$ cat query_34.cif   # mmCIF, C-alpha atoms
data_protein
#
loop_
_atom_site.label_atom_id
_atom_site.label_comp_id
_atom_site.auth_asym_id
_atom_site.auth_seq_id
_atom_site.Cartn_x
_atom_site.Cartn_y
_atom_site.Cartn_z
CA MET A 1 51.39 -130.06 -124.90
CA ASN A 2 50.56 -129.48 -128.54
CA ASN A 3 49.91 -126.11 -130.18
CA ARG A 4 46.12 -126.49 -130.14
CA SER A 5 46.10 -127.29 -126.42
CA ARG A 6 48.24 -124.23 -125.66
CA ARG A 7 45.88 -121.96 -127.58
CA LEU A 8 42.86 -123.47 -125.84
CA THR A 9 44.49 -123.04 -122.41
CA LEU A 10 45.52 -119.46 -123.23
CA GLY A 11 42.00 -118.67 -124.46
CA LEU A 12 40.45 -120.12 -121.32
CA CYS A 13 42.81 -118.10 -119.07
CA LEU A 14 42.02 -114.92 -121.01
CA CYS A 15 38.28 -115.56 -120.72
CA VAL A 16 38.53 -116.12 -116.95
CA ALA A 17 40.61 -112.94 -116.52
CA LEU A 18 38.18 -110.82 -118.55
CA CYS A 19 35.15 -112.17 -116.70
CA ALA A 20 36.74 -111.60 -113.27
CA ALA A 21 37.95 -108.02 -113.97
CA PRO A 22 34.54 -106.30 -113.52
CA ALA A 23 34.04 -108.03 -110.17
CA LEU A 24 37.31 -106.52 -108.90
CA ALA A 25 36.47 -102.96 -110.00
CA ALA A 26 35.08 -100.41 -107.56
CA GLN A 27 31.29 -100.50 -107.51
CA PRO A 28 29.53 -97.27 -108.56
CA VAL A 29 28.18 -95.15 -105.72
CA PRO A 30 24.39 -94.60 -105.98
CA TYR A 31 23.05 -91.12 -106.62
CA LEU A 32 21.04 -89.14 -104.06
CA PRO A 33 18.58 -86.29 -104.57
CA VAL A 34 20.33 -82.92 -104.33
CA PRO A 35 18.21 -80.03 -102.99
CA ARG A 36 18.84 -76.47 -104.18
CA ASP A 37 22.16 -75.03 -102.92
CA ALA A 38 23.22 -78.35 -101.36
CA ALA A 39 26.75 -79.68 -101.86
CA VAL A 40 27.75 -83.20 -102.83
CA ILE A 41 30.83 -85.05 -101.60
CA LEU A 42 31.79 -88.18 -103.54
CA ASN A 43 34.42 -90.70 -102.56
CA THR A 44 34.74 -93.19 -105.41
CA GLY A 45 35.84 -96.11 -103.27
CA SER A 46 38.23 -98.75 -104.55
CA THR A 47 38.44 -102.47 -105.08
CA ASN A 48 38.89 -102.91 -101.31
CA ALA A 49 36.76 -100.08 -99.91
CA ALA A 50 33.20 -98.98 -100.55
CA GLY A 51 32.73 -95.44 -101.83
CA TYR A 52 30.21 -92.99 -100.45
CA ARG A 53 28.16 -89.99 -101.53
CA ILE A 54 27.14 -87.27 -99.07
CA VAL A 55 24.63 -84.48 -99.72
CA VAL A 56 25.01 -81.59 -97.26
CA GLN A 57 22.52 -78.73 -97.00
CA ARG A 58 23.25 -75.32 -95.48
CA ASP A 59 21.12 -76.10 -92.42
CA GLY A 60 23.16 -79.25 -91.73
CA GLN A 61 20.55 -81.69 -93.05
CA THR A 62 22.70 -84.45 -94.52
CA GLU A 63 21.98 -87.62 -96.42
CA TYR A 64 24.56 -90.20 -97.34
CA VAL A 65 24.87 -93.55 -99.01
CA LEU A 66 27.61 -96.09 -98.32
CA GLY A 67 27.17 -99.46 -99.97
CA SER A 68 23.60 -100.55 -99.25
CA VAL A 69 23.25 -98.14 -96.29
CA ARG A 70 21.37 -94.88 -96.87
CA LYS A 71 20.83 -92.49 -93.94
CA LYS A 72 19.62 -88.98 -93.16
CA VAL A 73 21.36 -87.25 -90.27
CA GLN A 74 21.94 -83.77 -88.85
CA LEU A 75 25.53 -82.61 -89.26
CA SER A 76 26.88 -80.42 -86.46
CA ALA A 77 26.61 -76.67 -86.99
CA GLN A 78 30.39 -76.28 -86.66
CA LYS A 79 31.20 -78.84 -89.38
CA THR A 80 28.47 -77.49 -91.67
CA GLU A 81 29.67 -73.88 -91.33
CA SER A 82 33.32 -74.84 -91.81
CA PHE A 83 32.51 -76.96 -94.87
CA PHE A 84 30.45 -74.25 -96.61
CA SER A 85 32.98 -71.56 -95.63
CA ASP A 86 35.85 -73.55 -97.17
CA MET A 87 33.80 -74.21 -100.31
CA SER A 88 32.96 -70.51 -100.68
CA ALA A 89 36.64 -69.61 -100.30
CA ALA A 90 37.59 -72.24 -102.91
CA MET A 91 35.12 -71.11 -105.59
CA PRO A 92 35.13 -71.78 -108.42
CA LEU A 93 35.81 -75.38 -107.41
CA SER A 94 36.83 -76.22 -110.96
CA GLY A 95 39.70 -73.74 -110.61
CA LEU A 96 41.36 -75.57 -107.72
CA ARG A 97 44.72 -77.14 -108.49
CA ALA A 98 45.38 -80.81 -108.01
CA GLY A 99 48.71 -82.46 -108.49
CA HIS A 100 49.60 -86.01 -109.33
CA CYS A 101 49.69 -88.30 -106.34
CA MET A 102 50.56 -91.95 -105.96
CA LYS A 103 47.66 -94.22 -105.05
CA SER A 104 47.45 -97.90 -104.29
CA ALA A 105 45.87 -100.04 -106.99
CA SER A 106 43.71 -101.74 -104.35
CA PHE A 107 43.05 -98.96 -101.85
CA GLY A 108 43.29 -95.85 -104.05
CA SER A 109 40.15 -93.73 -104.30
CA SER A 110 39.30 -90.17 -105.31
CA THR A 111 37.29 -87.50 -103.50
CA PHE A 112 35.35 -84.74 -105.29
CA VAL A 113 32.98 -81.95 -104.25
CA TRP A 114 30.16 -80.48 -106.38
CA TRP A 115 28.49 -77.19 -105.49
CA ARG A 116 26.69 -74.51 -107.48
CA GLY A 117 27.38 -76.26 -110.78
CA LYS A 118 31.14 -76.61 -110.22
CA ARG A 119 33.18 -79.71 -109.46
CA SER A 120 36.53 -79.86 -107.70
CA PRO A 121 39.43 -81.94 -108.95
CA ASP A 122 40.43 -84.93 -106.83
CA LEU A 123 40.93 -83.32 -103.42
CA GLN A 124 43.15 -86.16 -102.23
CA CYS A 125 45.80 -84.71 -104.56
CA ALA A 126 45.32 -81.07 -103.50
CA ALA A 127 48.02 -78.73 -104.77
CA ASP A 128 46.97 -75.41 -103.25
CA PRO A 129 45.96 -74.15 -99.77
CA LYS A 130 42.26 -73.71 -100.63
CA ALA A 131 41.97 -77.28 -101.92
CA THR A 132 43.82 -78.56 -98.85
CA ALA A 133 41.45 -76.67 -96.50
CA LEU A 134 38.42 -77.99 -98.38
CA TYR A 135 39.71 -81.57 -98.23
CA SER A 136 40.25 -81.15 -94.49
CA SER A 137 36.61 -80.05 -94.09
CA VAL A 138 35.41 -82.96 -96.26
CA SER A 139 37.41 -85.38 -94.11
CA LYS A 140 35.89 -83.94 -90.93
CA VAL A 141 32.38 -84.34 -92.36
CA ALA A 142 33.11 -87.97 -93.29
CA THR A 143 34.58 -88.61 -89.84
CA GLU A 144 31.54 -87.16 -88.06
CA LEU A 145 29.31 -89.45 -90.14
CA GLY A 146 31.55 -92.46 -89.44
CA LEU A 147 32.44 -92.88 -93.11
CA ASP A 148 36.18 -92.50 -92.67
CA ARG A 149 36.71 -96.15 -91.79
CA ILE A 150 37.83 -98.45 -94.59
CA ILE A 151 35.36 -101.20 -95.32
CA ILE A 152 36.84 -104.30 -96.88
CA PRO A 153 34.19 -106.56 -98.36
CA PRO A 154 34.63 -110.27 -97.70
CA MET A 155 35.49 -112.69 -100.46
CA PRO A 156 32.51 -114.73 -101.69
CA ASN A 157 31.47 -117.33 -99.12
CA GLU A 158 33.80 -115.81 -96.51
CA PRO A 159 32.16 -114.89 -93.19
CA ARG A 160 32.54 -111.23 -92.17
CA ARG A 161 34.88 -110.84 -89.22
CA PRO A 162 35.85 -107.65 -87.39
CA MET A 163 39.30 -106.22 -88.08
CA PRO A 164 41.78 -107.29 -85.38
CA GLU A 165 42.57 -104.63 -82.80
CA PRO A 166 46.22 -103.70 -82.31
CA SER A 167 47.61 -104.99 -79.07
CA PRO A 168 50.64 -103.77 -77.18
CA SER A 169 53.70 -105.91 -77.60
CA VAL A 170 55.47 -107.21 -74.54
CA SER A 171 59.17 -106.40 -74.53
CA MET A 172 61.64 -108.40 -72.53
#
$ encode --input "query_34.cif" --output "C-alpha cells"
Amino acid sequence: MNNRSRRLTLGLCLCVALCAAPALAAQPVPYLPVPRDAAVILNTGSTNAAGYRIVVQRDGQTEYVLGSVRKKVQLSAQKTESFFSDMSAAMPLSGLRAGHCMKSASFGSSTFVWWRGKRSPDLQCAADPKATALYSSVSKVATELGLDRIIIPPMPNEPRRPMPEPSPSVSM
C-alpha cells in the first residue's frame, strides 16, 4: 500500500469515527414545564440507557418524560412527603458534597435534583448523609414510576426483544 492510499484509508476511518460518535452519545432528555415550588429530578441516561426527567409537585402531581414517553401520574403521599422532606433537610442543594465515583463508559449516568433555584451535585456520587438520603428518595420516586429499569435501545434494524429472565440452574 502506497503512502497516498494509507492517508486516504486513515482519513476515511477518521471520518467514519467522527460521524458515528454523536450517534453513540446519550440523547438529551426533553424539558418539562415546572410549576411554582415543584422539584425536578434529572437522570442523564447513557449510551445504553435512556435518561428521564421527573417534575414533582408538593401535592404529588408528577409528570415525567422517558424517551418518547411523557406521562402525568399521582405519586403516593408517602413518597412525595419523604422526597420533599429530604430535599428540605439537604438545602441548599448546591451545598451537598459529592465525591468522585467510577462509572461505566456505556452505562454511567448522573442524577441531579433542582428545587427553589438550587441544583444538587450528581447524587449517584453522594459524599454526605443528606445527599445519600436524598438519592434514596429520588430512587424510590423513580421506582414507583417504573423508571428504574434500564432500557437498552436496539441497534438499527434490530427487532426489540425482551431481556431474558434469569432461570435457576440445575445442579447435579
$ residues_around --input "query_34.cif" --residues "A:Ala77" --least-positions-apart "5" --cutoff "9 Å" --atoms "only C-alpha atoms" --output "list in words"
Asp59, Gly60 and Ser82 of chain A
$ residues_around --input "query_34.cif" --residues "A:Ser139" --least-positions-apart "3" --cutoff "10 Å" --atoms "all atoms listed in the file" --output "PyMOL selection string"
chain A and resi 41+83+111+124+133-136+142-145+147-148
$ resolve_selection --input "query_34.cif" --expression "the PyMOL selection byres ((chain A and resi 30) around 10)" --output "PyMOL selection string"
chain A and resi 27-29+31-32+51-53+64-68+70
$ resolve_selection --input "query_34.cif" --expression "the PyMOL selection byres ((chain A and resi 85-102) around 6)" --output "list in words"
Glu81, Ser82, Phe83, Phe84, Lys103, Lys118, Arg119, Ser120, Cys125, Ala126, Ala127, Asp128, Lys130 and Leu134 of chain A
$ atom_distance --input "query_34.cif" --atom1 "atom CA of A:Gln57" --atom2 "atom CA of A:Thr80"
8.1 Å
$ residues_around --input "query_34.cif" --residues "A:Asp37" --least-positions-apart "4" --cutoff "8 Å" --atoms "only C-alpha atoms" --output "list in words"
Gln57, Arg58, Trp115 and Arg116 of chain A
$ atom_distance --input "query_34.cif" --atom1 "atom CA of A:Thr44" --atom2 "atom CA of A:Lys72"
19.9 Å
$ resolve_selection --input "query_34.cif" --expression "the PyMOL selection byres ((chain A and resi 48) around 6)" --output "PyMOL selection string"
chain A and resi 46-47+49+106-107+152
$ axis_aligned_box --input "query_34.cif" --around "stretch 99-110 of chain A" --padding-each-side "3 Å" --output "AutoDock Vina command-line options"
--center_x 44.9 --center_y -92.1 --center_z -105.6 --size_x 17.3 --size_y 25.3 --size_z 13.5
$ closest_residue --input "query_34.cif" --among "A:Gln74, A:Ser104, A:Val113, A:Val69" --to "A:Val40" --atoms "all atoms listed in the file"
A:Val113
$ atom_distance --input "query_34.cif" --atom1 "atom CA of A:Ser76" --atom2 "atom CA of A:Ala38"
15.5 Å
$ build_atoms --input "query_34.cif" --residues "stretch 109-142 of chain A" --atoms "N, CA and C atoms" --output "mmCIF file, keeping the file's coordinate frame"
data_model
loop_
_atom_site.group_PDB
_atom_site.id
_atom_site.type_symbol
_atom_site.label_atom_id
_atom_site.label_comp_id
_atom_site.auth_asym_id
_atom_site.auth_seq_id
_atom_site.Cartn_x
_atom_site.Cartn_y
_atom_site.Cartn_z
ATOM 1 N N SER A 109 41.467 -94.273 -103.970
ATOM 2 C CA SER A 109 40.150 -93.730 -104.300
ATOM 3 C C SER A 109 40.340 -92.261 -104.628
ATOM 4 N N SER A 110 39.270 -91.602 -105.030
ATOM 5 C CA SER A 110 39.300 -90.170 -105.310
ATOM 6 C C SER A 110 38.153 -89.514 -104.564
ATOM 7 N N THR A 111 38.327 -88.243 -104.213
ATOM 8 C CA THR A 111 37.290 -87.500 -103.500
ATOM 9 C C THR A 111 37.037 -86.184 -104.236
ATOM 10 N N PHE A 112 35.758 -85.940 -104.557
ATOM 11 C CA PHE A 112 35.350 -84.740 -105.290
ATOM 12 C C PHE A 112 34.235 -84.040 -104.532
ATOM 13 N N VAL A 113 34.087 -82.737 -104.795
ATOM 14 C CA VAL A 113 32.980 -81.950 -104.250
ATOM 15 C C VAL A 113 32.302 -81.236 -105.411
ATOM 16 N N TRP A 114 30.961 -81.244 -105.422
ATOM 17 C CA TRP A 114 30.160 -80.480 -106.380
ATOM 18 C C TRP A 114 29.356 -79.463 -105.607
ATOM 19 N N TRP A 115 29.321 -78.225 -106.106
ATOM 20 C CA TRP A 115 28.490 -77.190 -105.490
ATOM 21 C C TRP A 115 28.294 -76.073 -106.500
ATOM 22 N N ARG A 116 27.050 -75.611 -106.587
ATOM 23 C CA ARG A 116 26.690 -74.510 -107.480
ATOM 24 C C ARG A 116 27.194 -74.733 -108.919
ATOM 25 N N GLY A 117 27.032 -75.941 -109.395
ATOM 26 C CA GLY A 117 27.380 -76.260 -110.780
ATOM 27 C C GLY A 117 28.857 -76.444 -111.055
ATOM 28 N N LYS A 118 29.687 -76.441 -110.047
ATOM 29 C CA LYS A 118 31.140 -76.610 -110.220
ATOM 30 C C LYS A 118 31.590 -77.868 -109.496
ATOM 31 N N ARG A 119 32.622 -78.508 -110.066
ATOM 32 C CA ARG A 119 33.180 -79.710 -109.460
ATOM 33 C C ARG A 119 34.665 -79.499 -109.195
ATOM 34 N N SER A 120 35.108 -79.950 -108.049
ATOM 35 C CA SER A 120 36.530 -79.860 -107.700
ATOM 36 C C SER A 120 37.291 -80.962 -108.423
ATOM 37 N N PRO A 121 38.605 -80.796 -108.535
ATOM 38 C CA PRO A 121 39.430 -81.940 -108.950
ATOM 39 C C PRO A 121 39.522 -82.899 -107.755
ATOM 40 N N ASP A 122 40.244 -83.974 -107.919
ATOM 41 C CA ASP A 122 40.430 -84.930 -106.830
ATOM 42 C C ASP A 122 41.118 -84.228 -105.666
ATOM 43 N N LEU A 123 40.393 -84.053 -104.567
ATOM 44 C CA LEU A 123 40.930 -83.320 -103.420
ATOM 45 C C LEU A 123 41.994 -84.088 -102.652
ATOM 46 N N GLN A 124 42.101 -85.394 -102.887
ATOM 47 C CA GLN A 124 43.150 -86.160 -102.230
ATOM 48 C C GLN A 124 44.521 -85.788 -102.790
ATOM 49 N N CYS A 125 44.542 -85.130 -103.933
ATOM 50 C CA CYS A 125 45.800 -84.710 -104.560
ATOM 51 C C CYS A 125 45.883 -83.185 -104.595
ATOM 52 N N ALA A 126 45.372 -82.537 -103.558
ATOM 53 C CA ALA A 126 45.320 -81.070 -103.500
ATOM 54 C C ALA A 126 46.703 -80.461 -103.687
ATOM 55 N N ALA A 127 46.743 -79.384 -104.492
ATOM 56 C CA ALA A 127 48.020 -78.730 -104.770
ATOM 57 C C ALA A 127 47.987 -77.240 -104.438
ATOM 58 N N ASP A 128 46.977 -76.798 -103.709
ATOM 59 C CA ASP A 128 46.970 -75.410 -103.250
ATOM 60 C C ASP A 128 46.278 -75.344 -101.886
ATOM 61 N N PRO A 129 46.499 -74.250 -101.139
ATOM 62 C CA PRO A 129 45.960 -74.150 -99.770
ATOM 63 C C PRO A 129 44.441 -74.229 -99.684
ATOM 64 N N LYS A 130 43.720 -73.668 -100.666
ATOM 65 C CA LYS A 130 42.260 -73.710 -100.630
ATOM 66 C C LYS A 130 41.742 -75.138 -100.810
ATOM 67 N N ALA A 131 42.360 -75.880 -101.705
ATOM 68 C CA ALA A 131 41.970 -77.280 -101.920
ATOM 69 C C ALA A 131 42.300 -78.121 -100.686
ATOM 70 N N THR A 132 43.429 -77.846 -100.065
ATOM 71 C CA THR A 132 43.820 -78.560 -98.850
ATOM 72 C C THR A 132 42.838 -78.291 -97.718
ATOM 73 N N ALA A 133 42.425 -77.034 -97.542
ATOM 74 C CA ALA A 133 41.450 -76.670 -96.500
ATOM 75 C C ALA A 133 40.108 -77.340 -96.774
ATOM 76 N N LEU A 134 39.688 -77.359 -98.038
ATOM 77 C CA LEU A 134 38.420 -77.990 -98.380
ATOM 78 C C LEU A 134 38.475 -79.496 -98.119
ATOM 79 N N TYR A 135 39.585 -80.129 -98.477
ATOM 80 C CA TYR A 135 39.710 -81.570 -98.230
ATOM 81 C C TYR A 135 39.694 -81.862 -96.727
ATOM 82 N N SER A 136 40.284 -80.982 -95.932
ATOM 83 C CA SER A 136 40.250 -81.150 -94.490
ATOM 84 C C SER A 136 38.810 -81.087 -93.979
ATOM 85 N N SER A 137 38.013 -80.148 -94.486
ATOM 86 C CA SER A 137 36.610 -80.050 -94.090
ATOM 87 C C SER A 137 35.824 -81.281 -94.525
ATOM 88 N N VAL A 138 36.074 -81.755 -95.749
ATOM 89 C CA VAL A 138 35.410 -82.960 -96.260
ATOM 90 C C VAL A 138 35.739 -84.151 -95.360
ATOM 91 N N SER A 139 36.993 -84.276 -94.977
ATOM 92 C CA SER A 139 37.410 -85.380 -94.110
ATOM 93 C C SER A 139 36.728 -85.313 -92.755
ATOM 94 N N LYS A 140 36.554 -84.108 -92.223
ATOM 95 C CA LYS A 140 35.890 -83.940 -90.930
ATOM 96 C C LYS A 140 34.406 -84.299 -91.024
ATOM 97 N N VAL A 141 33.774 -83.959 -92.146
ATOM 98 C CA VAL A 141 32.380 -84.340 -92.360
ATOM 99 C C VAL A 141 32.266 -85.867 -92.401
ATOM 100 N N ALA A 142 33.131 -86.504 -93.178
ATOM 101 C CA ALA A 142 33.110 -87.970 -93.290
ATOM 102 C C ALA A 142 33.373 -88.635 -91.944
#
